[in-house]
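What follows is the content of my_file-v3.txt (compact mmCIF, C-alpha atoms).
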```
# COMPACT_ATOMS: atom_id res chain seq x y z
CA MET B 1 9.55 -40.05 33.25
CA ASP B 2 7.18 -42.21 31.26
CA LEU B 3 7.54 -43.33 27.63
CA GLU B 4 5.43 -40.48 26.15
CA GLU B 5 7.65 -37.77 27.68
CA ARG B 6 10.77 -39.50 26.39
CA LEU B 7 9.44 -39.67 22.82
CA ASN B 8 8.35 -36.02 22.74
CA PRO B 9 11.52 -33.88 22.97
CA ARG B 10 9.57 -30.64 23.62
CA SER B 11 8.11 -31.94 26.85
CA ILE B 12 11.50 -31.88 28.62
CA ASP B 13 14.46 -29.47 28.70
CA VAL B 14 16.78 -30.49 25.87
CA ARG B 15 20.18 -28.90 25.88
CA TYR B 16 21.14 -29.36 22.20
CA GLY B 17 19.42 -29.65 18.84
CA PRO B 18 16.58 -27.91 17.08
CA ASN B 19 14.16 -28.44 20.01
CA LYS B 20 16.54 -27.15 22.69
CA GLY B 21 15.45 -25.06 25.63
CA HIS B 22 12.58 -24.96 28.07
CA PRO B 23 9.20 -25.61 26.43
CA THR B 24 7.11 -22.46 26.24
CA THR B 25 3.76 -21.45 24.81
CA ALA B 26 3.95 -19.08 21.83
CA LEU B 27 2.22 -15.73 22.30
CA PRO B 28 0.08 -14.45 19.41
CA LYS B 29 1.80 -11.71 17.41
CA THR B 30 0.19 -8.27 17.49
CA SER B 31 0.50 -6.09 14.39
CA ARG B 32 2.53 -2.92 14.77
CA PRO B 33 1.27 0.45 13.53
CA SER B 34 4.11 0.48 10.97
CA GLN B 35 2.72 -2.72 9.45
CA ARG B 36 -0.75 -1.19 9.16
CA LYS B 37 0.58 2.01 7.55
CA GLY B 38 -0.76 2.79 4.12
CA ILE B 39 -3.95 0.75 4.42
CA GLN B 40 -6.79 3.05 3.42
CA SER B 41 -9.77 3.01 5.75
CA THR B 42 -13.28 3.74 4.53
CA LYS B 43 -13.39 6.98 6.54
CA ASN B 44 -10.06 8.12 5.09
CA LYS B 45 -11.23 7.30 1.57
CA PHE B 46 -14.45 9.26 2.11
CA VAL B 47 -12.61 12.32 3.48
CA ARG B 48 -10.20 12.33 0.53
CA SER B 49 -13.08 12.15 -1.94
CA ILE B 50 -14.79 15.12 -0.24
CA ILE B 51 -11.56 17.14 -0.33
CA ARG B 52 -11.07 16.29 -4.01
CA GLU B 53 -14.65 17.37 -4.72
CA VAL B 54 -14.28 20.69 -2.89
CA ALA B 55 -10.70 21.64 -3.80
CA GLY B 56 -10.54 20.15 -7.31
CA PHE B 57 -7.27 19.45 -9.11
CA SER B 58 -4.00 21.29 -8.76
CA PRO B 59 -2.69 23.16 -11.83
CA TYR B 60 -0.16 20.47 -12.78
CA GLU B 61 -2.87 17.80 -12.47
CA ARG B 62 -5.12 19.76 -14.85
CA ARG B 63 -2.22 20.02 -17.29
CA VAL B 64 -1.61 16.27 -17.04
CA LEU B 65 -5.32 15.61 -17.63
CA GLU B 66 -5.12 17.65 -20.84
CA LEU B 67 -2.00 15.76 -21.96
CA LEU B 68 -3.70 12.42 -21.31
CA ARG B 69 -6.83 13.50 -23.21
CA ASN B 70 -4.62 14.44 -26.18
CA SER B 71 -2.84 11.03 -25.91
CA LYS B 72 0.54 12.48 -24.97
CA ASP B 73 1.25 9.82 -22.34
CA LYS B 74 5.03 10.12 -22.39
CA LYS B 75 4.94 13.88 -21.84
CA ALA B 76 2.43 13.39 -19.00
CA ARG B 77 4.67 10.74 -17.40
CA LYS B 78 7.69 13.04 -17.59
CA LEU B 79 5.75 15.94 -16.05
CA THR B 80 4.39 13.88 -13.15
CA LYS B 81 7.80 12.32 -12.51
CA LYS B 82 9.36 15.77 -12.31
CA ARG B 83 6.64 17.01 -9.94
CA LEU B 84 6.36 13.93 -7.71
CA GLY B 85 9.97 12.74 -7.61
CA THR B 86 9.78 9.02 -8.43
CA LEU B 87 8.50 6.95 -11.32
CA LEU B 88 6.31 4.80 -9.04
CA ARG B 89 4.49 7.86 -7.65
CA SER B 90 4.16 9.15 -11.21
CA LYS B 91 2.58 5.88 -12.40
CA ARG B 92 0.11 5.92 -9.50
CA LYS B 93 -0.88 9.52 -10.21
CA LEU B 94 -1.34 8.79 -13.94
CA GLU B 95 -3.48 5.76 -13.06
CA GLU B 96 -5.61 7.93 -10.76
CA LEU B 97 -6.02 10.69 -13.34
CA GLY B 98 -6.74 8.15 -16.08
CA ALA B 99 -9.55 6.75 -13.92
CA VAL B 100 -10.93 10.29 -13.52
CA ILE B 101 -10.98 10.74 -17.32
CA GLN B 102 -12.73 7.38 -17.81
CA GLU B 103 -15.32 8.24 -15.19
CA SER B 104 -16.00 11.62 -16.79
CA ARG B 105 -16.50 9.90 -20.15
CA ARG B 106 -18.91 7.43 -18.55
CA THR B 107 -21.07 10.12 -16.97
CA HIS B 108 -21.32 12.27 -20.13
```

Here is the file; what I need is its structure written in the form of structure tokens.
Amino acid sequence: MDLEERLNPRSIDVRYGPNKGHPTTALPKTSRPSQRKGIQSTKNKFVRSIIREVAGFSPYERRVLELLRNSKDKKARKLTKKRLGTLLRSKRKLEELGAVIQESRRTH
């Protein structure tokens, strides 16, 4: 064993300490499908926009749009929370519908 191997503790099998064990090469981590979940692809985004264009809004969404246009934000938040189950989903839906209203104002 030469001097370089003695100074580098990873180059030999050390029984104790933070560098213990046989030296190995680390394999690159692959991402699991569960870690990629929720990331919106361009194809997925396009398909959703087509469906929205063809099917339109559901009745509760139309009601919420009216409430937002008449600046009854609290009532709209309560309605979406009741329909969707959680406040976070409600906030996301209100953000989405608010963007729809802004876009309709821009085009007209």

Query raised in the report: Rounded to one decimal in Å, what is the spacing between CA of Arg32 (chain B) and CA of Asn44 (chain B)?
Result: 19.3 Å

**Report entry** Long-range neighbours of region 63-65 of chain B as a ChimeraX atom specification, 8 Å cut-off, only C-alpha atoms, 5 positions minimum in chain
**Finding:** /B:76,79-80,97-98,101

Report task. Record the distance separating CA of Gly38 (chain B) and CA of Lys75 (chain B), expressed in Å with one decimal. Result ->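 Here the two named atoms are 28.8 Å from each other.
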
Query raised in the report: Using only C-alpha atoms, which of B:Lys20, B:Arg105, B:Lys82, B:Arg92 sits nearest Arg69 (chain B)?
Result: B:Arg105

**Report entry** For Val100 (chain B): contacts at 12 Å, only C-alpha atoms, fewer than 6 positions along chain excluded, given as a list in words
**Finding:**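 Neighbouring residues, sequence-local ones excluded: Ser49, Arg52, Glu53, Gly56, Phe57, Glu61, Arg62, Val64, Leu65, Glu66, Leu68, Arg69, Lys93, Leu94, Arg106 and Thr107 of chain B.
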
Query raised in the report: Pick from B:Asp73, B:Gly21, B:Gln40, B:Arg83: nearest to Pro59 (chain B), with all atoms listed in the file counted?
Result: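 Among the listed residues, the smallest separation from Pro59 (chain B) belongs to B:Arg83.
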
Query raised in the report: What does the distance between CA of Pro28 (chain B) and CA of Val14 (chain B) come to in Å, to one decimal place?
Result: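 CA of Pro28 (chain B) sits 24.0 Å away from CA of Val14 (chain B).
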